[in-house]
Structure formats: structure tokens, C-alpha cells
Amino acid sequence: MNKFCRTIFVLLCLMFFSLTLVLAQDAAQPSAEAMEAVIAIEDWAIAPAIENLSPQSTAQSFSATVGTLYCFTKVVGAREETSITHTWYYQDREMAKVILPVRSRYWRTWSSKKIIPGWRGSWRVEVTAEDGTLLKSIDFTVE
């Protein structure tokens, strides 16, 4: 009887250890939802200045003599270091592409573009994730 009890005890211990190992492996595996890109643009603006990590005098239309414009984006949801890209377009022609690092779940960043007075008309900045997914398209005008 004593040998039988020890055998049962050993079998129960092995079963418990195996179950614990399987549960630990399942917990360590990220879910499909967690693996999806969850990066998003929470706030954005085009502005002629950035001060104290915030865009100043934001608008949708700017004078051709503005000099430089900034595209500000507040990125949320990054689970690890990644990057976004600001691609500046003037009348559907790519004028600049700027890759910006994102180093935390809440990250403010911006790019800039010098505006020549002759570049009047429609502009946009497309903000894309590292994998090329379009996160935001920001339209503005230079008059």
C-alpha cells in the first residue's frame, strides 16, 4: 500500500508540474490582439512653431511667407520602440520624408519643412507606421 501511495503521489506531482508548465507557456505567448499594431495618432497639427513640446498658432491655412512649418503628432500605444514617418506632399508631389523615432507609449514628435513663397496651394502630410500603414493624413494650404 505504501508503494502504491508513493506512485500515486509522484504521478500527481508530474501532472501538476506539466499543467503548470503548459499554463506558463500560454501566458508567455502574446495574444494575436497584443501582436497587432496598436500605435495611433491621438493629436496632430500643422503649425509655424513648436514651444514646450506643443504646436503654436495651429491652422489649416498659412501665408506663403511663413518660412517653416511643423507637423506635430502625438503617438500613443507603442508597446516597444518603433518609428513613424512624416511624408510631406505639395500638390501630390513628395517633397520630404522624415523618419521619427517613437520610444514610449505616449510620444510627441514633429518634423519641419521650409516653405518657399512660390509653393502656394494644397499640401498634406501623411503619417505612416513603421510597416507603412497610414495612420493620419493632414491637409493644409499655403496662400
# chains A, B, ... in the order shown; residues from 1 in each chain; ligands from 1

call {"tool": "residues_around", "arguments": {"residues": "stretch 126-139 of chain A", "least_positions_apart": "5", "cutoff": "12 Å", "atoms": "only C-alpha atoms", "output": "ChimeraX atom specification"}}
result
/A:36-47,59-62,70-78,80-92,94-102,109-111,121

call {"tool": "write_last_selection", "arguments": {"atoms": "C-alpha atoms", "output": "PDB file, in the first residue's frame"}}
result
ATOM      1  CA  GLU A  36      -1.407  43.686 -33.769  1.00  0.00           C
ATOM      2  CA  ALA A  37      -0.124  47.195 -34.277  1.00  0.00           C
ATOM      3  CA  VAL A  38      -1.874  49.393 -31.753  1.00  0.00           C
ATOM      4  CA  ILE A  39       0.009  52.576 -32.496  1.00  0.00           C
ATOM      5  CA  ALA A  40      -2.264  55.542 -33.187  1.00  0.00           C
ATOM      6  CA  ILE A  41      -2.116  59.301 -33.626  1.00  0.00           C
ATOM      7  CA  GLU A  42      -4.031  60.916 -30.750  1.00  0.00           C
ATOM      8  CA  ASP A  43      -3.301  64.548 -31.619  1.00  0.00           C
ATOM      9  CA  TRP A  44      -1.857  66.318 -34.647  1.00  0.00           C
ATOM     10  CA  ALA A  45      -1.374  69.806 -36.017  1.00  0.00           C
ATOM     11  CA  ILE A  46       0.402  71.918 -38.598  1.00  0.00           C
ATOM     12  CA  ALA A  47       1.981  74.994 -37.017  1.00  0.00           C
ATOM     13  CA  ALA A  59      -4.161  76.480 -38.550  1.00  0.00           C
ATOM     14  CA  GLN A  60      -5.232  74.889 -41.829  1.00  0.00           C
ATOM     15  CA  SER A  61      -4.040  77.798 -43.951  1.00  0.00           C
ATOM     16  CA  PHE A  62      -0.723  79.664 -43.821  1.00  0.00           C
ATOM     17  CA  TYR A  70       5.981  71.903 -38.424  1.00  0.00           C
ATOM     18  CA  CYS A  71       3.892  68.757 -38.437  1.00  0.00           C
ATOM     19  CA  PHE A  72       3.249  67.795 -34.803  1.00  0.00           C
ATOM     20  CA  THR A  73       1.993  64.322 -33.873  1.00  0.00           C
ATOM     21  CA  LYS A  74       1.221  62.757 -30.510  1.00  0.00           C
ATOM     22  CA  VAL A  75       1.644  58.999 -30.839  1.00  0.00           C
ATOM     23  CA  VAL A  76       0.003  56.590 -28.402  1.00  0.00           C
ATOM     24  CA  GLY A  77       0.025  52.842 -27.909  1.00  0.00           C
ATOM     25  CA  ALA A  78       3.547  51.827 -28.921  1.00  0.00           C
ATOM     26  CA  GLU A  80       8.106  48.837 -27.944  1.00  0.00           C
ATOM     27  CA  GLU A  81      10.411  51.284 -29.657  1.00  0.00           C
ATOM     28  CA  THR A  82       9.290  51.898 -33.233  1.00  0.00           C
ATOM     29  CA  SER A  83       9.111  54.771 -35.707  1.00  0.00           C
ATOM     30  CA  ILE A  84       6.653  56.792 -37.729  1.00  0.00           C
ATOM     31  CA  THR A  85       7.231  58.631 -40.987  1.00  0.00           C
ATOM     32  CA  HIS A  86       6.042  62.101 -41.954  1.00  0.00           C
ATOM     33  CA  THR A  87       5.830  62.407 -45.738  1.00  0.00           C
ATOM     34  CA  TRP A  88       5.239  65.974 -46.921  1.00  0.00           C
ATOM     35  CA  TYR A  89       3.379  66.454 -50.233  1.00  0.00           C
ATOM     36  CA  TYR A  90       2.904  69.636 -52.252  1.00  0.00           C
ATOM     37  CA  GLN A  91       0.152  69.233 -54.862  1.00  0.00           C
ATOM     38  CA  ASP A  92       0.560  65.423 -54.691  1.00  0.00           C
ATOM     39  CA  GLU A  94       6.513  64.195 -52.470  1.00  0.00           C
ATOM     40  CA  MET A  95       8.673  66.988 -51.066  1.00  0.00           C
ATOM     41  CA  ALA A  96      10.202  65.374 -47.968  1.00  0.00           C
ATOM     42  CA  LYS A  97      10.165  62.146 -45.980  1.00  0.00           C
ATOM     43  CA  VAL A  98      11.206  62.211 -42.319  1.00  0.00           C
ATOM     44  CA  ILE A  99      11.521  59.083 -40.155  1.00  0.00           C
ATOM     45  CA  LEU A 100      10.898  59.844 -36.485  1.00  0.00           C
ATOM     46  CA  PRO A 101      11.581  57.515 -33.528  1.00  0.00           C
ATOM     47  CA  VAL A 102       8.796  56.589 -31.099  1.00  0.00           C
ATOM     48  CA  THR A 109       7.299  64.319 -32.101  1.00  0.00           C
ATOM     49  CA  TRP A 110       7.410  66.605 -35.120  1.00  0.00           C
ATOM     50  CA  SER A 111       9.077  67.243 -38.434  1.00  0.00           C
ATOM     51  CA  GLY A 121      -1.540  75.662 -52.934  1.00  0.00           C
TER      52      GLY A 121
END

call {"tool": "atom_distance", "arguments": {"atom1": "atom CA of A:Leu53", "atom2": "atom CA of A:Arg108"}}
result
7.1 Å

call {"tool": "closest_residue", "arguments": {"among": "A:Ala64, A:Leu69, A:Val142, A:Arg105", "to": "A:Pro117", "atoms": "only C-alpha atoms"}}
result
A:Ala64
